[in-house]
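Here's upload39.txt, which has compact mmCIF, C-alpha atoms:
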# COMPACT_ATOMS: atom_id res chain seq x y z
CA MET A 1 -54.04 232.63 -142.55
CA LEU A 2 -56.76 230.23 -141.37
CA ASN A 3 -59.48 232.33 -143.01
CA PHE A 4 -57.66 232.08 -146.30
CA LEU A 5 -57.16 228.34 -145.82
CA LEU A 6 -60.85 227.77 -145.11
CA PHE A 7 -61.94 229.81 -148.10
CA THR A 8 -59.45 228.01 -150.36
CA ILE A 9 -60.73 224.62 -149.23
CA PHE A 10 -64.37 225.47 -149.94
CA PHE A 11 -63.54 227.18 -153.23
CA LEU A 12 -61.36 224.34 -154.48
CA CYS A 13 -63.94 221.74 -153.51
CA LEU A 14 -66.80 223.51 -155.26
CA LEU A 15 -64.60 223.82 -158.32
CA LEU A 16 -63.25 220.30 -158.25
CA GLY A 17 -66.19 218.32 -156.86
CA PRO A 18 -68.49 218.55 -159.90
CA ILE A 19 -65.59 217.78 -162.26
CA ARG A 20 -64.25 214.75 -160.44
CA GLY A 21 -67.59 213.68 -159.06
CA TRP A 22 -68.37 213.83 -155.34
CA THR A 23 -67.87 210.56 -153.52
CA LEU A 24 -70.47 211.77 -151.00
CA SER A 25 -72.88 214.71 -151.22
CA PRO A 26 -71.02 217.84 -150.01
CA ASP A 27 -73.75 218.71 -147.49
CA GLN A 28 -73.51 215.24 -146.00
CA ALA A 29 -69.74 215.58 -145.91
CA LEU A 30 -70.02 218.77 -143.81
CA LEU A 31 -72.31 217.07 -141.33
CA SER A 32 -70.16 213.97 -141.08
CA GLY A 33 -67.14 216.23 -140.46
CA ALA A 34 -68.89 217.85 -137.50
CA GLU A 35 -69.83 214.39 -136.22
CA ASN A 36 -66.21 213.31 -136.52
CA ALA A 37 -65.07 216.35 -134.52
CA LEU A 38 -67.38 215.50 -131.65
CA ARG A 39 -66.62 211.79 -131.81
CA LEU A 40 -62.88 212.38 -131.82
CA CYS A 41 -63.16 214.53 -128.70
CA LEU A 42 -65.12 211.79 -126.94
CA GLU A 43 -62.63 209.16 -128.08
CA LEU A 44 -59.50 211.12 -127.23
CA GLY A 45 -60.85 212.86 -124.13
CA PRO A 46 -60.46 210.01 -121.61
CA ALA A 47 -56.90 209.15 -122.71
CA LEU A 48 -55.85 212.80 -122.80
CA CYS A 49 -57.28 213.39 -119.31
CA LEU A 50 -55.52 210.33 -117.90
CA TRP A 51 -52.26 211.41 -119.47
CA SER A 52 -52.71 214.97 -118.28
CA MET A 53 -53.17 213.67 -114.70
CA LEU A 54 -49.92 211.71 -114.90
CA LEU A 55 -48.12 214.70 -116.40
CA GLU A 56 -49.29 216.94 -113.59
CA LEU A 57 -47.94 214.43 -111.09
CA MET A 58 -44.65 214.12 -113.01
CA GLU A 59 -44.24 217.87 -112.98
CA ARG A 60 -45.04 218.17 -109.25
CA ILE A 61 -42.55 215.44 -108.38
CA GLY A 62 -39.91 217.53 -110.10
CA MET A 63 -39.36 215.58 -113.30
CA SER A 64 -39.51 218.54 -115.66
CA ALA A 65 -37.07 220.41 -113.36
CA LEU A 66 -34.76 217.39 -113.50
CA LEU A 67 -34.99 217.29 -117.31
CA SER A 68 -34.25 221.01 -117.46
CA ARG A 69 -31.17 220.56 -115.30
CA LEU A 70 -29.92 217.67 -117.44
CA LEU A 71 -30.29 219.77 -120.56
CA SER A 72 -28.82 223.00 -119.25
CA PRO A 73 -25.33 222.46 -120.79
CA LEU A 74 -26.98 222.27 -124.19
CA LEU A 75 -29.08 225.37 -123.63
CA ARG A 76 -26.06 227.33 -122.40
CA ARG A 77 -24.32 226.63 -125.67
CA LEU A 78 -27.34 227.41 -127.86
CA PHE A 79 -28.32 230.63 -126.09
CA PRO A 80 -25.08 232.19 -124.77
CA ARG A 81 -26.50 235.72 -124.51
CA GLY A 82 -29.83 234.76 -122.96
CA TRP A 83 -28.10 232.36 -120.56
CA ALA A 84 -26.30 235.26 -118.87
CA HIS A 85 -29.62 236.56 -117.52
CA GLU A 86 -31.18 234.59 -114.72
CA GLN A 87 -34.81 235.18 -115.69
CA ILE A 88 -34.28 234.22 -119.33
CA ARG A 89 -32.25 231.21 -118.24
CA GLU A 90 -35.06 229.95 -116.04
CA ALA A 91 -37.69 230.54 -118.72
CA LEU A 92 -35.60 228.73 -121.33
CA SER A 93 -35.08 225.68 -119.10
CA GLU A 94 -38.73 225.59 -118.12
CA ASN A 95 -39.80 225.86 -121.77
CA LEU A 96 -37.55 222.98 -122.86
CA GLY A 97 -38.43 220.72 -119.93
CA ALA A 98 -42.17 221.27 -120.41
CA ASN A 99 -41.85 220.70 -124.17
CA LEU A 100 -40.14 217.36 -123.63
CA LEU A 101 -42.89 216.19 -121.31
CA GLY A 102 -45.54 217.53 -123.68
CA LEU A 103 -46.89 220.05 -121.16
CA GLY A 104 -48.27 222.56 -123.65
CA ASN A 105 -49.93 224.51 -120.84
CA ALA A 106 -46.57 225.18 -119.20
CA ALA A 107 -44.28 225.29 -122.24
CA THR A 108 -45.89 228.18 -124.09
CA PRO A 109 -46.01 230.74 -121.24
CA ALA A 110 -42.37 229.94 -120.33
CA GLY A 111 -41.35 230.15 -123.98
CA ILE A 112 -43.06 233.50 -124.36
CA ARG A 113 -41.32 234.82 -121.24
CA ALA A 114 -38.00 233.71 -122.73
CA ALA A 115 -38.90 235.26 -126.10
CA ARG A 116 -39.75 238.61 -124.45
CA GLY A 117 -36.48 238.53 -122.54
CA LEU A 118 -34.46 237.74 -125.66
CA ALA A 119 -36.28 240.45 -127.63
CA GLY A 120 -35.48 242.90 -124.81
CA LEU A 121 -31.77 242.08 -125.08
CA SER A 122 -31.74 242.91 -128.79
CA GLY A 123 -33.89 246.05 -128.58
CA GLY A 124 -37.04 244.46 -130.04
CA ARG A 125 -35.29 242.92 -133.04
CA ALA A 126 -35.58 239.29 -134.07
CA SER A 127 -32.14 238.28 -132.82
CA ASP A 128 -30.51 234.99 -133.79
CA GLU A 129 -31.26 233.54 -130.37
CA LEU A 130 -34.93 234.52 -130.55
CA CYS A 131 -35.27 232.90 -133.98
CA LEU A 132 -33.54 229.79 -132.66
CA LEU A 133 -35.95 229.58 -129.72
CA VAL A 134 -38.91 229.76 -132.10
CA VAL A 135 -37.41 227.15 -134.43
CA LEU A 136 -36.88 224.79 -131.48
CA ASN A 137 -40.49 225.28 -130.45
CA THR A 138 -41.81 224.56 -133.95
CA ALA A 139 -39.98 221.22 -133.92
CA SER A 140 -41.91 218.87 -131.68
CA LEU A 141 -39.68 217.80 -128.78
CA GLN A 142 -42.39 215.82 -127.01
CA LEU A 143 -41.11 212.47 -125.73
CA ILE A 144 -44.54 210.83 -125.46
CA PRO A 145 -46.92 211.87 -128.26
CA ALA A 146 -50.05 211.24 -126.19
CA THR A 147 -52.60 212.61 -128.67
CA VAL A 148 -51.37 210.47 -131.55
CA ALA A 149 -51.21 207.38 -129.34
CA ALA A 150 -54.81 208.02 -128.26
CA LEU A 151 -55.78 208.51 -131.91
CA ARG A 152 -54.22 205.17 -132.82
CA ALA A 153 -55.87 203.40 -129.89
CA ALA A 154 -59.24 204.85 -130.90
CA ALA A 155 -58.74 203.54 -134.44
CA GLY A 156 -58.23 200.03 -133.04
CA SER A 157 -54.44 199.75 -133.13
CA GLU A 158 -52.96 196.68 -131.49
CA ALA A 159 -49.95 198.64 -130.29
CA PRO A 160 -50.66 202.38 -130.10
CA PHE A 161 -47.24 203.14 -128.58
CA GLU A 162 -45.25 201.05 -131.05
CA ILE A 163 -44.40 204.19 -133.02
CA LEU A 164 -42.47 205.72 -130.10
CA PRO A 165 -38.89 204.91 -131.25
CA ALA A 166 -39.72 206.15 -134.74
CA VAL A 167 -41.15 209.38 -133.29
CA TRP A 168 -37.98 209.93 -131.23
CA ILE A 169 -35.63 209.43 -134.16
CA CYS A 170 -37.85 211.57 -136.35
CA SER A 171 -38.03 214.39 -133.76
CA LEU A 172 -34.27 214.26 -133.40
CA CYS A 173 -33.79 214.52 -137.19
CA SER A 174 -36.20 217.43 -137.28
CA VAL A 175 -34.46 219.29 -134.43
CA LEU A 176 -31.02 218.68 -135.95
CA ALA A 177 -32.25 219.94 -139.32
CA GLY A 178 -33.68 223.03 -137.60
CA LEU A 179 -30.39 223.67 -135.78
CA GLY A 180 -28.42 223.11 -139.01
CA ALA A 181 -30.66 225.48 -140.97
CA ALA A 182 -30.37 228.02 -138.13
CA ALA A 183 -26.57 227.78 -138.12
CA LEU A 184 -26.52 228.39 -141.86
CA CYS A 185 -29.15 231.16 -141.83
CA ARG A 186 -27.51 233.23 -139.10
CA ARG A 187 -24.39 233.51 -141.25
CA ILE A 188 -26.07 234.56 -144.47
CA TRP A 189 -29.23 236.40 -143.31
CA PRO A 190 -28.83 240.14 -142.78
CA MET B 1 -47.46 199.31 -118.59
CA LEU B 2 -49.11 202.67 -117.97
CA THR B 3 -50.43 201.29 -114.71
CA LEU B 4 -46.92 200.40 -113.58
CA PHE B 5 -45.72 203.87 -114.49
CA ALA B 6 -48.62 205.46 -112.59
CA ALA B 7 -47.86 203.31 -109.55
CA GLY B 8 -44.23 204.46 -109.65
CA LEU B 9 -45.27 208.09 -109.81
CA LEU B 10 -47.69 207.61 -106.92
CA LEU B 11 -44.93 206.04 -104.84
CA LEU B 12 -42.58 208.97 -105.56
CA ALA B 13 -45.34 211.42 -104.68
CA LEU B 14 -45.95 209.55 -101.41
CA LEU B 15 -42.23 209.65 -100.55
CA GLN B 16 -42.19 213.39 -101.18
CA ARG B 17 -45.32 213.80 -99.07
CA GLN B 18 -47.21 215.38 -101.96
CA ASP B 19 -50.99 215.51 -101.98
CA ALA B 20 -51.30 213.19 -104.99
CA PHE B 21 -55.09 213.28 -105.13
CA THR B 22 -55.26 217.07 -105.46
CA VAL B 23 -52.49 217.07 -108.06
CA LEU B 24 -54.24 214.38 -110.12
CA ARG B 25 -57.52 216.26 -109.90
CA GLU B 26 -55.79 219.40 -111.13
CA GLY B 27 -54.30 217.40 -114.01
CA ALA B 28 -57.70 215.97 -114.91
CA ARG B 29 -59.16 219.48 -114.91
CA ARG B 30 -56.42 220.67 -117.25
CA GLY B 31 -56.97 217.68 -119.53
CA LEU B 32 -60.69 218.48 -119.72
CA GLU B 33 -59.86 222.12 -120.44
CA THR B 34 -57.57 221.06 -123.28
CA VAL B 35 -60.30 218.92 -124.83
CA VAL B 36 -62.94 221.63 -124.43
CA ASP B 37 -60.57 224.26 -125.89
CA LEU B 38 -59.86 221.96 -128.81
CA LEU B 39 -63.46 221.16 -129.72
CA PRO B 40 -64.60 224.49 -131.30
CA ALA B 41 -61.61 224.56 -133.68
CA LEU B 42 -62.24 220.92 -134.61
CA LEU B 43 -65.89 221.73 -135.31
CA VAL B 44 -64.82 224.48 -137.70
CA LEU B 45 -62.12 222.54 -139.51
CA PHE B 46 -63.34 218.94 -139.62
CA PRO B 47 -66.31 219.68 -141.92
CA ALA B 48 -63.90 221.47 -144.28
CA ILE B 49 -61.55 218.49 -144.22
CA SER B 50 -64.43 216.11 -144.79
CA LEU B 51 -65.54 218.21 -147.77
CA LEU B 52 -61.99 218.18 -149.12
CA ARG B 53 -61.87 214.42 -148.99
CA THR B 54 -65.15 213.93 -150.86
CA SER B 55 -64.10 216.35 -153.60
CA GLY B 56 -61.31 214.07 -154.79
CA LEU B 57 -58.61 216.69 -154.18
CA PRO B 58 -56.40 214.39 -152.07
CA GLU B 59 -56.21 211.84 -154.90
CA LEU B 60 -55.58 214.56 -157.48
CA LEU B 61 -52.87 216.13 -155.34
CA GLY B 62 -51.38 212.72 -154.58
CA GLY B 63 -51.26 211.97 -158.31
CA LEU B 64 -49.62 215.31 -159.07
CA MET B 65 -47.05 215.06 -156.30
CA GLU B 66 -46.39 211.34 -156.71
CA PRO B 67 -43.36 211.75 -159.05
CA VAL B 68 -41.59 214.01 -156.54
CA LEU B 69 -42.81 212.30 -153.36
CA GLY B 70 -42.15 208.84 -154.76
CA ARG B 71 -38.54 209.74 -155.48
CA LEU B 72 -38.17 211.14 -151.94
CA GLY B 73 -39.74 208.01 -150.47
CA ILE B 74 -42.78 209.77 -148.99
CA PRO B 75 -46.14 207.91 -149.42
CA ALA B 76 -48.34 209.90 -151.84
CA GLU B 77 -51.35 209.30 -149.56
CA THR B 78 -49.88 211.80 -147.11
CA SER B 79 -49.51 214.64 -149.66
CA LEU B 80 -52.36 216.78 -148.30
CA LEU B 81 -51.20 216.22 -144.73
CA LEU B 82 -47.75 217.58 -145.62
CA LEU B 83 -49.36 220.81 -146.81
CA LEU B 84 -51.81 221.21 -143.92
CA ARG B 85 -49.54 220.20 -141.02
CA PRO B 86 -47.59 223.49 -140.71
CA LEU B 87 -50.75 225.60 -141.19
CA SER B 88 -53.37 224.19 -138.85
CA GLY B 89 -53.05 221.70 -136.02
CA SER B 90 -56.77 220.94 -135.96
CA ALA B 91 -56.98 220.39 -139.71
CA ALA B 92 -53.96 218.08 -139.56
CA LEU B 93 -55.48 216.17 -136.64
CA GLY B 94 -58.74 215.76 -138.57
CA LEU B 95 -57.08 214.62 -141.77
CA GLY B 96 -54.61 212.44 -139.87
CA SER B 97 -57.35 210.71 -137.90
CA GLU B 98 -59.29 209.98 -141.10
CA LEU B 99 -56.18 208.65 -142.85
CA ILE B 100 -55.34 206.43 -139.87
CA ARG B 101 -58.89 205.10 -139.85
CA GLN B 102 -59.04 204.60 -143.61
CA TYR B 103 -55.72 202.77 -144.04
CA GLY B 104 -55.68 201.19 -140.57
CA PRO B 105 -53.51 202.33 -137.64
CA ASP B 106 -51.04 199.48 -138.10
CA SER B 107 -50.64 199.85 -141.87
CA LEU B 108 -47.54 201.50 -143.30
CA VAL B 109 -49.48 204.65 -144.26
CA GLY B 110 -51.22 204.71 -140.88
CA ARG B 111 -47.92 204.44 -139.05
CA THR B 112 -46.21 207.04 -141.24
CA VAL B 113 -49.08 209.46 -140.63
CA SER B 114 -48.85 208.78 -136.87
CA VAL B 115 -45.12 209.46 -136.77
CA MET B 116 -45.48 212.61 -138.86
CA LEU B 117 -48.21 213.95 -136.56
CA GLY B 118 -46.31 212.97 -133.42
CA SER B 119 -43.04 214.62 -134.33
CA SER B 120 -44.09 217.91 -135.89
CA GLU B 121 -45.76 221.11 -134.70
CA THR B 122 -48.04 223.73 -136.26
CA THR B 123 -45.09 225.79 -137.48
CA PHE B 124 -46.82 228.96 -138.66
CA TYR B 125 -49.01 229.13 -135.57
CA VAL B 126 -46.04 228.81 -133.21
CA VAL B 127 -44.04 231.44 -135.12
CA SER B 128 -46.90 233.94 -135.04
CA VAL B 129 -47.65 233.34 -131.34
CA TYR B 130 -44.03 233.79 -130.25
CA PHE B 131 -43.17 236.82 -132.35
CA SER B 132 -46.41 238.66 -131.62
CA ALA B 133 -46.13 237.91 -127.88
CA ALA B 134 -42.53 239.20 -127.88
CA GLY B 135 -43.64 242.32 -129.78
CA VAL B 136 -41.14 241.70 -132.56
CA LYS B 137 -41.94 242.57 -136.16
CA GLY B 138 -40.33 240.48 -138.89
CA SER B 139 -39.32 236.93 -138.09
CA ARG B 140 -36.10 236.94 -140.20
CA TRP B 141 -35.02 233.35 -140.82
CA ALA B 142 -37.31 231.64 -138.31
CA VAL B 143 -39.85 230.44 -140.90
CA PRO B 144 -37.41 229.00 -143.48
CA ALA B 145 -35.40 227.22 -140.79
CA ALA B 146 -38.57 225.86 -139.17
CA LEU B 147 -39.81 224.60 -142.54
CA CYS B 148 -36.47 222.86 -143.05
CA ALA B 149 -37.10 221.07 -139.76
CA ASP B 150 -40.61 220.09 -140.93
CA LEU B 151 -39.28 218.74 -144.21
CA ALA B 152 -36.67 216.71 -142.33
CA CYS B 153 -39.45 215.38 -140.10
CA PHE B 154 -41.62 214.25 -143.02
CA LEU B 155 -38.69 212.66 -144.85
CA SER B 156 -37.32 210.84 -141.83
CA ALA B 157 -40.82 209.69 -140.78
CA SER B 158 -41.34 208.10 -144.21
CA TRP B 159 -37.92 206.49 -144.27
CA ILE B 160 -37.96 205.16 -140.71
CA CYS B 161 -41.45 203.72 -141.05
CA ARG B 162 -40.56 201.98 -144.30
CA LEU B 163 -37.40 200.65 -142.76
CA LEU B 164 -39.18 199.33 -139.66
CA TRP B 165 -42.55 198.24 -141.01
CA GLY B 166 -42.35 198.22 -144.80
CA ARG B 167 -42.28 194.93 -146.60
Translate the structure described by the file into structure tokens.
Amino acid sequence: MLNFLLFTIFFLCLLLGPIRGWTLSPDQALLSGAENALRLCLELGPALCLWSMLLELMERIGMSALLSRLLSPLLRRLFPRGWAHEQIREALSENLGANLLGLGNAATPAGIRAARGLAGLSGGRASDELCLLVVLNTASLQLIPATVAALRAAAGSEAPFEILPAVWICSLCSVLAGLGAAALCRRIWP
Amino acid sequence: MLTLFAAGLLLLALLQRQDAFTVLREGARRGLETVVDLLPALLVLFPAISLLRTSGLPELLGGLMEPVLGRLGIPAETSLLLLLRPLSGSAALGLGSELIRQYGPDSLVGRTVSVMLGSSETTFYVVSVYFSAAGVKGSRWAVPAALCADLACFLSASWICRLLWGR
């Protein structure tokens, strides 16, 4: 997928650039892209590290466990079959709690454990519950979008966190749309 | 604000008799790991994004998609981001950071881009990681439903930002 994307980008640019006229020489553009990559890491690194420290502390204090417990009634309804098994139940709660806090390091392993468990229940088929788990994970549930806030701060924003309410509403719309599409799909998809 | 939050967390950790220093150090290590893991992918994709932007493709694409996007209320400046977001997180981060810088973080486009980036995920990457890790072939309706969620995210991001910060 990414290989194809990369090739397409280079191919399209070489096709389009001479026609539309480069705004910068292509070789210079490549170099400035690499510079941007390194600069962005230096700009985002400190904020991401600070945030990661706080997240670690939040997790150790038991905040993601608390979130998981608060959300368990919802999960029980969304994953009735998986919920009956203790291991899948724990993995599902952990995945959701870590996703909300933006703990990518913890969310993915827990999600994968839950996915394996759900796949085991359906004999290796993509069951409705497994698809739903994946759809939930492709919708960003993160409460504090730390990377974007750091990006905005690095670009000189006066209020990097001002977008928070908009991000929450938008995430909610996206999750609801995913759930709605899932509810429709599971009826009509073979 | 963040300082107050940190102080609260430290107090809670103290009450629970946690070794806050060790925990923080572990968090810092993980943060560094995240940045270091991110860098190689950024170094591959940012030059490609930079090339894309000098070729004039974003403007061409924006012009082509404007009639549809305009009617949906999505800023045409974000057209390329809409296409890249589900495919590659690093490419979207690169393009997003350049858009935010170009239009200004507190402009309507800058804010819309921020909200879009902050409330979506790299859909195709997540789908492939989960299904391959679970050993399941064929993702049935996961991709269409996930793309529905992405579309809802882009639409609502544009609408909310215009409602809150548009003139």
Suppose you want the space between atom CA of Phe4 of chain A and atom CA of Arg39 of chain A; what is it in Å?
26.5 Å
Which of these residues is nearest to Thr23 of chain A, using only C-alpha atoms: B:Gln102, B:Thr122, B:Thr54, B:Gln16?
B:Thr54
Select, from A:His85, A:Ser64, A:Ala110, A:Ala181, the residue with the minimum atom-to-atom distance to chain B, counting only C-alpha atoms.
A:Ala181
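Atom to atom, atom CA of Leu24 of chain B and atom CA of Trp168 of chain A stand 27.0 Å apart.
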Within 12 Å of (-34.2, 219.3, -113.7) in the file's own coordinates, which protein, DNA or RNA residues have an atom, counting only C-alpha atoms? List them as an MDAnalysis selection string.
chainID A and resid 58:73 90 93:98 100:101
What residues have an atom no more than 9 Å from (-44.0, 241.2, -128.4) in the file's own frame, counting all atoms listed in the file, and can you write them as an NGL selection string?
(:A and (112 or 115-116 or 119 or 124)) or (:B and (130-137))
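Going from atom CA of Leu38 of chain A to atom CA of Glu33 of chain B covers 15.0 Å.
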Tell me, counting all atoms listed in the file, for each residue of chain B within 6 Å of chain A, which pair of atoms is nearest and how far apart they are in Å to one decimal, in rows ordered by chain and increasing number, as a tab-separated table.
residue	atom	partner	partner_atom	distance
B:Leu24	CA	A:Met53	CA	4.8
B:Gly27	CA	A:Met53	CA	4.0
B:Ala28	CA	A:Met53	CA	5.1
B:Gly31	CA	A:Cys49	CA	4.3
B:Leu42	CA	A:Ala37	CA	5.4
B:Leu43	CA	A:Ala34	CA	5.4
B:Phe46	CA	A:Gly33	CA	4.7
B:Pro47	CA	A:Gly33	CA	3.8
B:Ser50	CA	A:Gly33	CA	5.1
B:Leu51	CA	A:Ala29	CA	5.3
B:Leu52	CA	A:Cys13	CA	6.0
B:Thr54	CA	A:Thr23	CA	5.1
B:Ser55	CA	A:Gly17	CA	4.3
B:Arg101	CA	A:Ala155	CA	5.6
B:Pro105	CA	A:Ser157	CA	5.3
B:Val115	CA	A:Val167	CA	5.3
B:Gly118	CA	A:Pro145	CA	5.3
B:Ser119	CA	A:Ser171	CA	5.0
B:Ser120	CA	A:Ser140	CA	4.8
B:Glu121	CA	A:Thr138	CA	5.3
B:Thr123	CA	A:Thr138	CA	5.0
B:Tyr130	CA	A:Ile112	CA	6.0
B:Ala134	CA	A:Arg116	CA	4.5
B:Val136	CA	A:Gly124	CA	5.5
B:Ser139	CA	A:Ala126	CA	6.0
B:Ala142	CA	A:Cys131	CA	4.9
B:Ala145	CA	A:Ala181	CA	5.1
B:Ala146	CA	A:Val135	CA	5.0
B:Ala149	CA	A:Gly178	CA	4.5
B:Ala152	CA	A:Ser174	CA	5.1
B:Cys153	CA	A:Ser174	CA	4.8
B:Ser156	CA	A:Cys170	CA	5.6
B:Ala157	CA	A:Cys170	CA	5.7
Completion of segment 62-88 of chain B up to N, CA and C atoms, as a short mmCIF file (atom, residue, chain, number, x, y, z; two decimals), keeping the file's coordinate frame:
data_model
loop_
_atom_site.label_atom_id
_atom_site.label_comp_id
_atom_site.auth_asym_id
_atom_site.auth_seq_id
_atom_site.Cartn_x
_atom_site.Cartn_y
_atom_site.Cartn_z
N GLY B 62 -52.29 213.86 -154.72
CA GLY B 62 -51.38 212.72 -154.58
C GLY B 62 -50.81 212.32 -155.94
N GLY B 63 -51.70 212.32 -156.97
CA GLY B 63 -51.26 211.97 -158.31
C GLY B 63 -50.24 212.96 -158.85
N LEU B 64 -50.52 214.27 -158.58
CA LEU B 64 -49.62 215.31 -159.07
C LEU B 64 -48.26 215.27 -158.38
N MET B 65 -48.30 214.99 -157.07
CA MET B 65 -47.05 215.06 -156.30
C MET B 65 -46.30 213.73 -156.28
N GLU B 66 -46.99 212.69 -156.75
CA GLU B 66 -46.39 211.34 -156.71
C GLU B 66 -44.97 211.26 -157.29
N PRO B 67 -44.73 211.87 -158.49
CA PRO B 67 -43.36 211.75 -159.05
C PRO B 67 -42.29 212.28 -158.11
N VAL B 68 -42.57 213.43 -157.46
CA VAL B 68 -41.59 214.01 -156.54
C VAL B 68 -41.55 213.21 -155.24
N LEU B 69 -42.75 212.99 -154.65
CA LEU B 69 -42.81 212.30 -153.36
C LEU B 69 -42.26 210.89 -153.46
N GLY B 70 -42.61 210.21 -154.57
CA GLY B 70 -42.15 208.84 -154.76
C GLY B 70 -40.64 208.76 -154.74
N ARG B 71 -40.00 209.75 -155.42
CA ARG B 71 -38.54 209.74 -155.48
C ARG B 71 -37.96 210.01 -154.09
N LEU B 72 -38.67 210.84 -153.29
CA LEU B 72 -38.17 211.14 -151.94
C LEU B 72 -38.50 210.04 -150.95
N GLY B 73 -39.38 209.11 -151.36
CA GLY B 73 -39.74 208.01 -150.47
C GLY B 73 -40.90 208.32 -149.55
N ILE B 74 -41.63 209.42 -149.83
CA ILE B 74 -42.78 209.77 -148.99
C ILE B 74 -44.04 209.18 -149.63
N PRO B 75 -44.90 208.47 -148.85
CA PRO B 75 -46.14 207.91 -149.42
C PRO B 75 -47.03 209.03 -149.97
N ALA B 76 -47.53 208.86 -151.20
CA ALA B 76 -48.34 209.90 -151.84
C ALA B 76 -49.64 210.14 -151.09
N GLU B 77 -50.10 209.15 -150.31
CA GLU B 77 -51.35 209.30 -149.56
C GLU B 77 -51.26 210.44 -148.54
N THR B 78 -50.03 210.79 -148.15
CA THR B 78 -49.88 211.80 -147.11
C THR B 78 -49.72 213.21 -147.69
N SER B 79 -49.86 213.36 -149.04
CA SER B 79 -49.51 214.64 -149.66
C SER B 79 -50.27 215.83 -149.05
N LEU B 80 -51.58 215.66 -148.84
CA LEU B 80 -52.36 216.78 -148.30
C LEU B 80 -51.96 217.09 -146.86
N LEU B 81 -51.62 216.03 -146.12
CA LEU B 81 -51.20 216.22 -144.73
C LEU B 81 -49.92 217.06 -144.66
N LEU B 82 -49.01 216.82 -145.60
CA LEU B 82 -47.75 217.58 -145.62
C LEU B 82 -48.04 219.07 -145.75
N LEU B 83 -49.05 219.40 -146.58
CA LEU B 83 -49.36 220.81 -146.81
C LEU B 83 -50.09 221.43 -145.63
N LEU B 84 -50.98 220.64 -144.99
CA LEU B 84 -51.81 221.21 -143.92
C LEU B 84 -51.09 221.26 -142.58
N ARG B 85 -50.15 220.33 -142.36
CA ARG B 85 -49.54 220.20 -141.02
C ARG B 85 -48.96 221.51 -140.47
N PRO B 86 -48.17 222.26 -141.27
CA PRO B 86 -47.59 223.49 -140.71
C PRO B 86 -48.61 224.61 -140.53
N LEU B 87 -49.79 224.50 -141.19
CA LEU B 87 -50.75 225.60 -141.19
C LEU B 87 -51.75 225.51 -140.06
N SER B 88 -52.31 224.31 -139.84
CA SER B 88 -53.37 224.19 -138.85
C SER B 88 -53.30 222.85 -138.13
#
